[in-house]
file coords_28.txt (compact mmCIF, C-alpha atoms)
# COMPACT_ATOMS: atom_id res chain seq x y z
CA MET A 19 -98.06 -18.23 -23.99
CA ARG A 20 -95.85 -20.04 -21.49
CA ASN A 21 -92.70 -18.50 -22.99
CA SER A 22 -94.23 -15.03 -22.75
CA LEU A 23 -95.13 -15.56 -19.10
CA CYS A 24 -91.60 -16.79 -18.26
CA LEU A 25 -90.16 -13.72 -19.97
CA LEU A 26 -92.42 -11.41 -17.98
CA ILE A 27 -91.47 -13.11 -14.71
CA SER A 28 -87.77 -12.83 -15.52
CA LEU A 29 -88.05 -9.17 -16.47
CA GLY A 30 -90.17 -8.47 -13.42
CA ALA A 31 -87.66 -10.02 -11.00
CA SER A 32 -84.77 -8.12 -12.55
CA PHE A 33 -86.56 -4.82 -12.42
CA LEU A 34 -87.74 -5.19 -8.82
CA SER A 35 -84.13 -5.48 -7.67
CA MET A 36 -83.30 -2.17 -9.37
CA LEU A 37 -86.17 -0.01 -8.13
CA PRO A 38 -84.37 1.51 -5.11
CA PHE A 39 -81.33 2.37 -7.20
CA LEU A 40 -83.50 4.20 -9.70
CA ALA A 41 -85.10 6.15 -6.87
CA HIS A 42 -81.68 7.60 -6.05
CA GLY A 43 -80.96 8.62 -9.61
CA GLN A 44 -78.26 6.13 -10.49
CA ASP A 45 -77.43 5.86 -14.22
CA ALA A 46 -79.11 3.18 -16.34
CA PRO A 47 -80.34 2.77 -19.94
CA THR A 48 -83.67 4.55 -19.58
CA ARG A 49 -85.54 2.92 -22.43
CA PHE A 50 -84.59 -0.60 -21.38
CA LEU A 51 -85.53 0.06 -17.76
CA ASP A 52 -88.88 1.52 -18.82
CA GLN A 53 -89.59 -1.71 -20.67
CA GLN A 54 -88.66 -3.75 -17.58
CA GLN A 55 -90.87 -1.60 -15.37
CA MET A 56 -93.86 -2.06 -17.66
CA ALA A 57 -93.28 -5.82 -17.78
CA ALA A 58 -92.93 -6.11 -14.01
CA GLU A 59 -95.99 -4.00 -13.22
CA THR A 60 -98.08 -5.76 -15.86
CA TRP A 61 -97.23 -9.20 -14.48
CA VAL A 62 -97.72 -8.30 -10.82
CA GLN A 63 -100.99 -6.46 -11.43
CA ALA A 64 -102.33 -9.24 -13.62
CA ARG A 65 -101.68 -11.86 -10.94
CA HIS A 66 -102.16 -10.07 -7.62
CA GLY A 67 -103.26 -6.45 -8.06
CA SER A 68 -100.08 -4.66 -6.96
CA MET A 69 -96.78 -5.11 -5.14
CA GLU A 70 -98.32 -3.36 -2.14
CA GLN A 71 -100.95 -6.10 -1.89
CA ILE A 72 -98.27 -8.79 -1.98
CA LEU A 73 -95.86 -7.22 0.51
CA GLN A 74 -98.19 -5.17 2.72
CA GLY A 75 -95.41 -2.73 3.43
CA ARG A 76 -95.62 0.27 5.73
CA GLU A 77 -93.06 3.00 6.21
CA HIS A 78 -90.30 2.01 8.61
CA TYR A 79 -88.28 4.43 10.72
CA ALA A 80 -84.87 3.44 12.05
CA GLN A 81 -83.24 6.72 13.03
CA TYR A 82 -81.70 7.00 16.48
CA PRO A 83 -80.06 10.41 17.10
CA LYS A 84 -77.00 10.36 19.34
CA VAL A 85 -76.79 6.56 19.21
CA LEU A 86 -73.56 4.94 18.04
CA GLY A 87 -73.93 2.25 15.42
CA HIS A 88 -77.08 1.02 13.69
CA PRO A 89 -79.89 -1.49 14.35
CA PHE A 90 -79.39 -3.65 11.24
CA TRP A 91 -77.92 -7.15 10.90
CA PRO A 92 -75.63 -8.25 9.28
CA ALA A 93 -74.97 -4.85 7.66
CA GLU A 94 -76.40 -1.35 7.46
CA ASP A 95 -76.25 -1.30 3.66
CA TRP A 96 -78.99 -2.66 1.45
CA LEU A 97 -78.38 -6.30 0.51
CA ILE A 98 -79.78 -8.09 -2.51
CA GLY A 99 -81.80 -10.93 -1.05
CA ARG A 100 -84.40 -13.56 -1.84
CA LEU A 101 -87.88 -13.23 -0.36
CA GLU A 102 -90.50 -16.00 -0.33
CA THR A 103 -94.13 -15.01 0.24
CA PRO A 104 -97.31 -17.12 0.06
CA LEU A 105 -98.14 -15.51 -3.28
CA TYR A 106 -94.82 -14.95 -4.99
CA THR A 107 -91.06 -15.46 -4.64
CA PHE A 108 -88.89 -12.40 -5.26
CA PRO A 109 -85.50 -13.84 -6.32
CA GLU A 110 -83.77 -10.45 -6.13
CA ILE A 111 -85.03 -7.71 -3.84
CA LEU A 112 -83.26 -5.16 -1.65
CA LEU A 113 -83.61 -6.09 2.02
CA LYS A 114 -82.50 -4.99 5.47
CA TYR A 115 -83.14 -6.78 8.74
CA ASP A 116 -83.73 -4.47 11.72
CA ALA A 117 -82.51 -6.72 14.53
CA TYR A 118 -83.42 -4.18 17.21
CA GLN A 119 -87.11 -4.10 16.32
CA ASP A 120 -87.14 -7.59 14.73
CA ILE A 121 -88.52 -6.22 11.47
CA LEU A 122 -87.67 -7.06 7.86
CA VAL A 123 -87.70 -4.07 5.51
CA PHE A 124 -87.37 -3.70 1.77
CA GLY A 125 -86.48 -0.86 -0.56
CA SER A 126 -89.40 0.28 -2.66
CA ASP A 127 -89.68 3.06 -5.19
CA SER A 128 -93.33 2.28 -5.86
CA MET A 129 -94.30 3.17 -2.27
CA ARG A 130 -92.28 6.41 -2.36
CA VAL A 131 -90.61 5.77 1.00
CA ASP A 132 -87.03 4.84 1.82
CA MET A 133 -87.90 1.68 3.73
CA SER A 134 -91.07 -0.39 4.00
CA ALA A 135 -91.62 -2.85 6.87
CA LEU A 136 -92.98 -6.23 5.83
CA ASP A 137 -95.95 -7.82 7.52
CA PRO A 138 -94.42 -11.05 8.99
CA SER A 139 -97.53 -13.03 8.00
CA ARG A 140 -96.54 -12.34 4.38
CA VAL A 141 -93.02 -13.73 4.80
CA GLY A 142 -92.17 -17.40 4.40
CA ARG A 143 -88.38 -17.24 4.31
CA PHE A 144 -85.79 -14.74 3.26
CA ALA A 145 -82.09 -14.90 2.52
CA MET A 146 -79.31 -12.31 2.51
CA LEU A 147 -75.72 -13.16 1.58
CA THR A 148 -75.27 -16.70 2.98
CA HIS A 149 -77.84 -16.24 5.76
CA GLN A 150 -81.30 -17.84 5.62
CA PHE A 151 -84.10 -16.71 7.91
CA LEU A 152 -87.59 -17.90 8.71
CA TYR A 153 -90.41 -16.45 10.79
CA LEU A 154 -91.63 -18.60 13.69
CA GLY A 155 -95.08 -18.16 15.18
CA LYS A 156 -97.52 -18.67 12.34
CA ASN A 157 -98.96 -22.07 13.29
CA SER A 158 -99.88 -23.92 16.49
CA GLU A 159 -96.74 -26.12 16.49
CA GLU A 160 -94.43 -23.11 16.27
CA GLN A 161 -96.48 -21.17 18.83
CA ALA A 162 -96.31 -24.08 21.30
CA ALA A 163 -92.53 -24.39 20.87
CA LEU A 164 -92.05 -20.67 21.38
CA ALA A 165 -94.31 -20.63 24.43
CA GLY A 166 -92.37 -23.51 25.98
CA ALA A 167 -89.13 -21.59 25.51
CA LYS A 168 -90.73 -18.30 26.64
CA LEU A 169 -89.97 -16.68 23.31
CA GLU A 170 -91.99 -14.22 21.27
CA PRO A 171 -92.76 -14.91 17.58
CA GLY A 172 -90.08 -13.50 15.34
CA TYR A 173 -87.34 -14.05 12.78
CA PHE A 174 -84.65 -16.67 13.35
CA GLU A 175 -81.66 -17.57 11.24
CA LEU A 176 -81.73 -21.21 10.16
CA LEU A 177 -78.24 -22.74 10.33
CA TYR A 178 -79.14 -26.42 10.15
CA ASP A 179 -82.31 -28.24 9.10
CA GLY A 180 -82.54 -31.98 9.79
CA ARG A 181 -84.01 -34.14 12.56
CA VAL A 182 -83.06 -31.16 14.68
CA ARG A 183 -83.02 -27.53 13.64
CA LEU A 184 -80.34 -25.09 14.70
CA LEU A 185 -81.77 -21.59 14.98
CA VAL A 186 -80.03 -18.36 15.88
CA LYS A 187 -81.81 -15.31 17.21
CA ARG A 188 -79.88 -12.31 15.91
CA LYS A 189 -80.37 -9.24 18.05
CA LYS A 190 -79.22 -5.68 18.37
CA ILE A 191 -79.57 -4.24 21.85
CA LEU A 192 -79.30 -0.59 22.80
CA ARG A 193 -76.68 -0.28 25.52
CA LYS A 194 -77.20 2.93 27.46
CA GLU A 195 -74.44 5.47 27.98
CA ASN A 196 -74.97 7.16 31.32
CA ASP A 197 -71.64 8.98 31.53
CA ASP A 198 -71.71 10.69 28.12
CA PRO A 199 -74.28 13.50 27.73
CA ASP A 200 -73.67 13.63 23.97
CA ARG A 201 -74.67 10.00 23.40
CA ARG A 202 -77.84 8.11 24.22
CA GLY A 203 -76.24 4.71 23.79
CA GLU A 204 -74.69 2.21 21.40
CA PHE A 205 -76.10 -0.68 19.37
CA VAL A 206 -74.46 -3.99 20.26
CA ALA A 207 -74.95 -7.29 18.43
CA ARG A 208 -76.01 -10.43 20.32
CA SER A 209 -76.71 -13.98 19.13
CA GLN A 210 -78.67 -16.72 20.89
CA TYR A 211 -78.42 -20.33 19.67
CA TRP A 212 -81.42 -22.68 19.92
CA LEU A 213 -81.94 -26.35 19.07
CA TRP A 214 -85.44 -27.46 18.08
CA ASN A 215 -86.49 -31.09 17.86
CA LYS A 216 -89.22 -33.34 19.28
CA GLN A 217 -87.89 -32.59 22.78
CA GLY A 218 -88.80 -28.93 22.24
CA LEU A 219 -86.97 -25.67 21.67
CA ARG A 220 -83.96 -25.27 23.94
CA ARG A 221 -81.36 -22.53 24.19
CA VAL A 222 -77.82 -23.93 24.02
CA GLU A 223 -75.06 -22.03 25.77
CA SER A 224 -73.00 -24.93 27.10
CA ARG A 225 -72.11 -28.58 26.61
CA GLY A 226 -74.75 -29.51 29.19
CA ASP A 227 -77.46 -27.62 27.27
CA THR A 228 -76.47 -29.42 24.08
CA LEU A 229 -76.61 -32.86 25.72
CA LYS A 230 -80.06 -32.08 27.16
CA ALA A 231 -81.34 -30.94 23.77
CA LEU A 232 -79.99 -34.11 22.11
CA THR A 233 -80.87 -36.36 25.02
CA ASP A 234 -82.08 -39.27 22.84
CA GLN A 235 -78.43 -39.73 21.74
CA ARG A 236 -76.78 -38.35 24.84
CA GLN A 237 -74.01 -40.95 25.23
CA ALA A 238 -73.04 -40.90 21.56
CA ILE A 239 -72.94 -37.10 21.46
CA LYS A 240 -70.96 -37.02 24.70
CA ALA A 241 -68.36 -39.37 23.23
CA TYR A 242 -68.21 -37.43 19.95
CA TRP A 243 -67.75 -34.17 21.86
CA ARG A 244 -64.78 -35.64 23.71
CA GLN A 245 -63.22 -37.22 20.60
CA GLN A 246 -63.45 -33.97 18.63
CA SER A 247 -62.36 -31.78 21.57
CA LEU A 248 -65.38 -29.57 20.98
CA THR A 249 -66.07 -26.28 22.73
CA MET A 250 -68.97 -23.87 22.34
CA LYS A 251 -66.62 -21.45 20.62
CA ARG A 252 -65.64 -24.09 18.06
CA LEU A 253 -69.30 -24.92 17.46
CA GLN A 254 -70.14 -21.28 16.77
CA GLN A 255 -67.19 -21.03 14.39
CA GLY A 256 -68.62 -23.74 12.14
CA GLY A 257 -68.65 -26.94 14.17
CA TRP A 258 -72.43 -27.13 14.59
CA THR A 259 -72.98 -28.59 11.13
CA GLU A 260 -70.58 -31.48 11.74
CA LEU A 261 -72.05 -32.23 15.17
CA LEU A 262 -75.66 -32.20 13.99
CA THR A 263 -74.85 -34.15 10.83
CA TYR A 264 -73.35 -36.81 13.11
CA TYR A 265 -76.47 -36.70 15.30
CA ASP A 266 -78.69 -37.20 12.24
CA SER A 267 -76.61 -40.23 11.24
CA LEU A 268 -77.27 -42.08 14.51
call {"tool": "encode", "arguments": {"input": "coords_28.txt", "output": "structure tokens"}}
result
Amino acid sequence: MRNSLCLLISLGASFLSMLPFLAHGQDAPTRFLDQQQMAAETWVQARHGSMEQILQGREHYAQYPKVLGHPFWPAEDWLIGRLETPLYTFPEILLKYDAYQDILVFGSDSMRVDMSALDPSRVGRFAMLTHQFLYLGKNSEEQAALAGAKLEPGYFELLYDGRVRLLVKRKKILRKENDDPDRRGEFVARSQYWLWNKQGLRRVESRGDTLKALTDQRQAIKAYWRQQSLTMKRLQQGGWTELLTYYDSL
């Protein structure tokens, strides 16, 4: 029985990652895919009723006529990602992150729409490429931290997770074009870095911000910063992990 269940789970995960491709008519061994579809639907329905009940998707629109660029981060194309929900983990599912509207969307053939927006309450974490995201705002601790930083609940990339967390708010903003009648604007990427520990959630844009966020080890971090000749640019190019690993060692 256990072996049969593991086989169904494996087949279900593989098939879910292929649904959007099938919707666009890409070639595949039809008989084998039919078997995977039956296995996936049987497992999901037996446990939870349907994929729609797990994901609570609704149709998502992301079309902006006369706007240069796109609202997605890190790429406009579908990416094979990992999605964790309270009920089930999808190890391979097609995802896009709309950084303009702060909405995670997935490709779904079963819902007969191009993109379905996920209810954030159904998302634990998700990953695309090497990027891991979590949704902040579900519990009182997260809500208090966000309120103290004057932030709205939303998705944040998690770059470091220790005594302190390094979070990045990935955004796309719509920059208006007033001097071009043929264009309404252009999407531009922005990133905000935040440190979250027992001192609270603090945005870090400078050395001073970093020292305030890590104030319990201020002198040690100050000395390390000087010894390593750190700059904010170097931190954003990969130096954060080394700095925060050192902080956790103190």
call {"tool": "residues_around", "arguments": {"input": "coords_28.txt", "residues": "Asp198 of chain A", "least_positions_apart": "4", "cutoff": "12 Å", "atoms": "all atoms listed in the file", "output": "ChimeraX atom specification"}}
result
/A:84-86,194,202-204
call {"tool": "write_last_selection", "arguments": {"input": "coords_28.txt", "atoms": "C-alpha atoms", "output": "PDB file, keeping the file's coordinate frame"}}
result
ATOM      1  CA  LYS A  84     -77.000  10.360  19.340  1.00  0.00           C
ATOM      2  CA  VAL A  85     -76.790   6.560  19.210  1.00  0.00           C
ATOM      3  CA  LEU A  86     -73.560   4.940  18.040  1.00  0.00           C
ATOM      4  CA  LYS A 194     -77.200   2.930  27.460  1.00  0.00           C
ATOM      5  CA  ARG A 202     -77.840   8.110  24.220  1.00  0.00           C
ATOM      6  CA  GLY A 203     -76.240   4.710  23.790  1.00  0.00           C
ATOM      7  CA  GLU A 204     -74.690   2.210  21.400  1.00  0.00           C
TER       8      GLU A 204
END
call {"tool": "residues_near_point", "arguments": {"input": "coords_28.txt", "point": "(-86.2, -34.1, 21.7)", "cutoff": "12 Å", "atoms": "only C-alpha atoms", "output": "PyMOL selection string"}}
result
chain A and resi 163+181-183+213-220+228-236+265
call {"tool": "closest_residue", "arguments": {"input": "coords_28.txt", "among": "A:Lys114, A:Lys156, A:Arg221, A:His88", "to": "Lys187 of chain A", "atoms": "all atoms listed in the file"}}
result
A:Arg221
call {"tool": "residues_around", "arguments": {"input": "coords_28.txt", "residues": "Gly142 of chain A", "least_positions_apart": "5", "cutoff": "10 Å", "atoms": "only C-alpha atoms", "output": "PyMOL selection string"}}
result
chain A and resi 101-105+107+151-154+156
call {"tool": "atom_distance", "arguments": {"input": "coords_28.txt", "atom1": "atom CA of Leu262 of chain A", "atom2": "atom CA of Tyr242 of chain A"}}
result
10.9 Å
call {"tool": "atom_distance", "arguments": {"input": "coords_28.txt", "atom1": "atom CA of Gly155 of chain A", "atom2": "atom CA of Glu77 of chain A"}}
result
23.1 Å
call {"tool": "atom_distance", "arguments": {"input": "coords_28.txt", "atom1": "atom CA of Glu94 of chain A", "atom2": "atom CA of Leu164 of chain A"}}
result
28.5 Å
call {"tool": "closest_atom_pairs", "arguments": {"input": "coords_28.txt", "of": "segment 90-207 of chain A", "to": "segment 252-255 of chain A", "cutoff": "12 Å", "atoms": "all atoms listed in the file", "output": "JSON lines"}}
result
{"residue": "A:Leu177", "atom": "CA", "partner": "A:Gln254", "partner_atom": "CA", "distance": 10.5}
{"residue": "A:Leu184", "atom": "CA", "partner": "A:Gln254", "partner_atom": "CA", "distance": 11.1}
{"residue": "A:Leu185", "atom": "CA", "partner": "A:Gln254", "partner_atom": "CA", "distance": 11.8}
{"residue": "A:Val186", "atom": "CA", "partner": "A:Gln254", "partner_atom": "CA", "distance": 10.4}
call {"tool": "write_last_selection", "arguments": {"input": "coords_28.txt", "atoms": "C-alpha atoms", "output": "PDB file, in the frame of the given file"}}
result
ATOM      1  CA  LEU A 177     -78.240 -22.740  10.330  1.00  0.00           C
ATOM      2  CA  LEU A 184     -80.340 -25.090  14.700  1.00  0.00           C
ATOM      3  CA  LEU A 185     -81.770 -21.590  14.980  1.00  0.00           C
ATOM      4  CA  VAL A 186     -80.030 -18.360  15.880  1.00  0.00           C
TER       5      VAL A 186
END
call {"tool": "residues_around", "arguments": {"input": "coords_28.txt", "residues": "segment 115-123 of chain A", "least_positions_apart": "2", "cutoff": "9 Å", "atoms": "only C-alpha atoms", "output": "CSV table (one decimal) with C-alpha atoms, in the coordinates of the input"}}
result
chain,number,residue,atom,x,y,z
A,75,GLY,CA,-95.4,-2.7,3.4
A,77,GLU,CA,-93.1,3.0,6.2
A,78,HIS,CA,-90.3,2.0,8.6
A,80,ALA,CA,-84.9,3.4,12.0
A,88,HIS,CA,-77.1,1.0,13.7
A,89,PRO,CA,-79.9,-1.5,14.4
A,90,PHE,CA,-79.4,-3.6,11.2
A,91,TRP,CA,-77.9,-7.2,10.9
A,92,PRO,CA,-75.6,-8.2,9.3
A,93,ALA,CA,-75.0,-4.8,7.7
A,94,GLU,CA,-76.4,-1.4,7.5
A,112,LEU,CA,-83.3,-5.2,-1.6
A,113,LEU,CA,-83.6,-6.1,2.0
A,125,GLY,CA,-86.5,-0.9,-0.6
A,133,MET,CA,-87.9,1.7,3.7
A,134,SER,CA,-91.1,-0.4,4.0
A,135,ALA,CA,-91.6,-2.8,6.9
A,136,LEU,CA,-93.0,-6.2,5.8
A,137,ASP,CA,-96.0,-7.8,7.5
A,138,PRO,CA,-94.4,-11.0,9.0
A,172,GLY,CA,-90.1,-13.5,15.3
A,173,TYR,CA,-87.3,-14.0,12.8
A,188,ARG,CA,-79.9,-12.3,15.9
A,189,LYS,CA,-80.4,-9.2,18.0
A,190,LYS,CA,-79.2,-5.7,18.4
A,191,ILE,CA,-79.6,-4.2,21.8
A,192,LEU,CA,-79.3,-0.6,22.8
A,205,PHE,CA,-76.1,-0.7,19.4
A,207,ALA,CA,-75.0,-7.3,18.4
call {"tool": "closest_residue", "arguments": {"input": "coords_28.txt", "among": "A:Gln237, A:Thr249, A:Arg193, A:Arg201", "to": "Ser224 of chain A", "atoms": "all atoms listed in the file"}}
result
A:Thr249
call {"tool": "axis_aligned_box", "arguments": {"input": "coords_28.txt", "around": "segment 95-114 of chain A", "padding_each_side": "5 Å", "output": "AutoDock Vina command-line options"}}
result
--center_x -87.2 --center_y -9.2 --center_z -0.4 --size_x 31.9 --size_y 25.8 --size_z 21.8
call {"tool": "build_atoms", "arguments": {"input": "coords_28.txt", "residues": "segment 232-243 of chain A", "atoms": "all heavy atoms", "output": "PDB file, in the coordinates of the input"}}
result
ATOM      1  N   LEU A 232     -80.163 -32.907  22.922  1.00  0.00           N
ATOM      2  CA  LEU A 232     -79.990 -34.110  22.110  1.00  0.00           C
ATOM      3  C   LEU A 232     -80.002 -35.349  22.993  1.00  0.00           C
ATOM      4  O   LEU A 232     -79.232 -36.286  22.797  1.00  0.00           O
ATOM      5  CB  LEU A 232     -78.681 -34.019  21.318  1.00  0.00           C
ATOM      6  CG  LEU A 232     -78.498 -32.748  20.474  1.00  0.00           C
ATOM      7  CD1 LEU A 232     -77.136 -32.740  19.796  1.00  0.00           C
ATOM      8  CD2 LEU A 232     -79.614 -32.604  19.446  1.00  0.00           C
ATOM      9  N   THR A 233     -80.892 -35.344  23.959  1.00  0.00           N
ATOM     10  CA  THR A 233     -80.870 -36.360  25.020  1.00  0.00           C
ATOM     11  C   THR A 233     -81.128 -37.772  24.509  1.00  0.00           C
ATOM     12  O   THR A 233     -80.716 -38.743  25.144  1.00  0.00           O
ATOM     13  CB  THR A 233     -81.907 -35.995  26.098  1.00  0.00           C
ATOM     14  OG1 THR A 233     -81.777 -36.889  27.192  1.00  0.00           O
ATOM     15  CG2 THR A 233     -83.334 -36.063  25.544  1.00  0.00           C
ATOM     16  N   ASP A 234     -81.802 -37.924  23.359  1.00  0.00           N
ATOM     17  CA  ASP A 234     -82.080 -39.270  22.840  1.00  0.00           C
ATOM     18  C   ASP A 234     -80.804 -39.950  22.344  1.00  0.00           C
ATOM     19  O   ASP A 234     -80.782 -41.173  22.174  1.00  0.00           O
ATOM     20  CB  ASP A 234     -83.121 -39.216  21.716  1.00  0.00           C
ATOM     21  CG  ASP A 234     -82.721 -38.283  20.587  1.00  0.00           C
ATOM     22  OD1 ASP A 234     -82.040 -37.273  20.859  1.00  0.00           O
ATOM     23  OD2 ASP A 234     -83.088 -38.560  19.428  1.00  0.00           O
ATOM     24  N   GLN A 235     -79.735 -39.178  22.127  1.00  0.00           N
ATOM     25  CA  GLN A 235     -78.430 -39.730  21.740  1.00  0.00           C
ATOM     26  C   GLN A 235     -77.340 -39.176  22.645  1.00  0.00           C
ATOM     27  O   GLN A 235     -76.222 -38.930  22.199  1.00  0.00           O
ATOM     28  CB  GLN A 235     -78.134 -39.406  20.271  1.00  0.00           C
ATOM     29  CG  GLN A 235     -79.103 -40.001  19.273  1.00  0.00           C
ATOM     30  CD  GLN A 235     -79.024 -41.513  19.208  1.00  0.00           C
ATOM     31  OE1 GLN A 235     -78.020 -42.120  19.618  1.00  0.00           O
ATOM     32  NE2 GLN A 235     -80.065 -42.148  18.694  1.00  0.00           N
ATOM     33  N   ARG A 236     -77.670 -39.034  23.903  1.00  0.00           N
ATOM     34  CA  ARG A 236     -76.780 -38.350  24.840  1.00  0.00           C
ATOM     35  C   ARG A 236     -75.389 -38.974  24.913  1.00  0.00           C
ATOM     36  O   ARG A 236     -74.380 -38.270  24.827  1.00  0.00           O
ATOM     37  CB  ARG A 236     -77.421 -38.343  26.236  1.00  0.00           C
ATOM     38  CG  ARG A 236     -76.571 -37.644  27.292  1.00  0.00           C
ATOM     39  CD  ARG A 236     -77.195 -37.768  28.672  1.00  0.00           C
ATOM     40  NE  ARG A 236     -76.375 -37.130  29.685  1.00  0.00           N
ATOM     41  CZ  ARG A 236     -76.474 -35.854  30.046  1.00  0.00           C
ATOM     42  NH1 ARG A 236     -77.386 -35.083  29.470  1.00  0.00           N
ATOM     43  NH2 ARG A 236     -75.681 -35.344  30.965  1.00  0.00           N
ATOM     44  N   GLN A 237     -75.310 -40.286  25.066  1.00  0.00           N
ATOM     45  CA  GLN A 237     -74.010 -40.950  25.230  1.00  0.00           C
ATOM     46  C   GLN A 237     -73.159 -40.840  23.972  1.00  0.00           C
ATOM     47  O   GLN A 237     -71.950 -40.603  24.043  1.00  0.00           O
ATOM     48  CB  GLN A 237     -74.212 -42.412  25.630  1.00  0.00           C
ATOM     49  CG  GLN A 237     -74.835 -42.600  27.009  1.00  0.00           C
ATOM     50  CD  GLN A 237     -74.053 -41.866  28.098  1.00  0.00           C
ATOM     51  OE1 GLN A 237     -72.820 -41.895  28.139  1.00  0.00           O
ATOM     52  NE2 GLN A 237     -74.785 -41.205  28.999  1.00  0.00           N
ATOM     53  N   ALA A 238     -73.787 -40.994  22.820  1.00  0.00           N
ATOM     54  CA  ALA A 238     -73.040 -40.900  21.560  1.00  0.00           C
ATOM     55  C   ALA A 238     -72.525 -39.477  21.343  1.00  0.00           C
ATOM     56  O   ALA A 238     -71.378 -39.286  20.919  1.00  0.00           O
ATOM     57  CB  ALA A 238     -73.932 -41.336  20.400  1.00  0.00           C
ATOM     58  N   ILE A 239     -73.356 -38.488  21.633  1.00  0.00           N
ATOM     59  CA  ILE A 239     -72.940 -37.100  21.460  1.00  0.00           C
ATOM     60  C   ILE A 239     -71.853 -36.740  22.476  1.00  0.00           C
ATOM     61  O   ILE A 239     -70.884 -36.022  22.147  1.00  0.00           O
ATOM     62  CB  ILE A 239     -74.145 -36.145  21.614  1.00  0.00           C
ATOM     63  CG1 ILE A 239     -75.156 -36.397  20.502  1.00  0.00           C
ATOM     64  CG2 ILE A 239     -73.697 -34.692  21.609  1.00  0.00           C
ATOM     65  CD1 ILE A 239     -74.623 -36.170  19.108  1.00  0.00           C
ATOM     66  N   LYS A 240     -71.973 -37.266  23.678  1.00  0.00           N
ATOM     67  CA  LYS A 240     -70.960 -37.020  24.700  1.00  0.00           C
ATOM     68  C   LYS A 240     -69.596 -37.565  24.267  1.00  0.00           C
ATOM     69  O   LYS A 240     -68.560 -36.893  24.423  1.00  0.00           O
ATOM     70  CB  LYS A 240     -71.402 -37.675  26.013  1.00  0.00           C
ATOM     71  CG  LYS A 240     -70.608 -37.279  27.232  1.00  0.00           C
ATOM     72  CD  LYS A 240     -71.236 -37.879  28.482  1.00  0.00           C
ATOM     73  CE  LYS A 240     -70.469 -37.477  29.731  1.00  0.00           C
ATOM     74  NZ  LYS A 240     -71.102 -38.041  30.963  1.00  0.00           N
ATOM     75  N   ALA A 241     -69.616 -38.762  23.701  1.00  0.00           N
ATOM     76  CA  ALA A 241     -68.360 -39.370  23.230  1.00  0.00           C
ATOM     77  C   ALA A 241     -67.794 -38.591  22.038  1.00  0.00           C
ATOM     78  O   ALA A 241     -66.578 -38.356  21.960  1.00  0.00           O
ATOM     79  CB  ALA A 241     -68.611 -40.824  22.849  1.00  0.00           C
ATOM     80  N   TYR A 242     -68.649 -38.197  21.122  1.00  0.00           N
ATOM     81  CA  TYR A 242     -68.210 -37.430  19.950  1.00  0.00           C
ATOM     82  C   TYR A 242     -67.615 -36.100  20.378  1.00  0.00           C
ATOM     83  O   TYR A 242     -66.591 -35.660  19.835  1.00  0.00           O
ATOM     84  CB  TYR A 242     -69.403 -37.216  19.011  1.00  0.00           C
ATOM     85  CG  TYR A 242     -69.069 -36.457  17.747  1.00  0.00           C
ATOM     86  CD1 TYR A 242     -68.578 -37.119  16.624  1.00  0.00           C
ATOM     87  CD2 TYR A 242     -69.261 -35.079  17.673  1.00  0.00           C
ATOM     88  CE1 TYR A 242     -68.289 -36.424  15.455  1.00  0.00           C
ATOM     89  CE2 TYR A 242     -68.963 -34.379  16.506  1.00  0.00           C
ATOM     90  CZ  TYR A 242     -68.479 -35.054  15.414  1.00  0.00           C
ATOM     91  OH  TYR A 242     -68.180 -34.368  14.264  1.00  0.00           O
ATOM     92  N   TRP A 243     -68.245 -35.466  21.347  1.00  0.00           N
ATOM     93  CA  TRP A 243     -67.750 -34.170  21.860  1.00  0.00           C
ATOM     94  C   TRP A 243     -66.327 -34.323  22.387  1.00  0.00           C
ATOM     95  O   TRP A 243     -65.449 -33.502  22.105  1.00  0.00           O
ATOM     96  CB  TRP A 243     -68.684 -33.685  22.961  1.00  0.00           C
ATOM     97  CG  TRP A 243     -68.466 -32.274  23.416  1.00  0.00           C
ATOM     98  CD1 TRP A 243     -67.392 -31.774  24.099  1.00  0.00           C
ATOM     99  CD2 TRP A 243     -69.358 -31.165  23.223  1.00  0.00           C
ATOM    100  NE1 TRP A 243     -67.546 -30.442  24.355  1.00  0.00           N
ATOM    101  CE2 TRP A 243     -68.754 -30.030  23.821  1.00  0.00           C
ATOM    102  CE3 TRP A 243     -70.599 -31.015  22.620  1.00  0.00           C
ATOM    103  CZ2 TRP A 243     -69.351 -28.781  23.837  1.00  0.00           C
ATOM    104  CZ3 TRP A 243     -71.203 -29.771  22.626  1.00  0.00           C
ATOM    105  CH2 TRP A 243     -70.581 -28.655  23.230  1.00  0.00           C
TER     106      TRP A 243
END
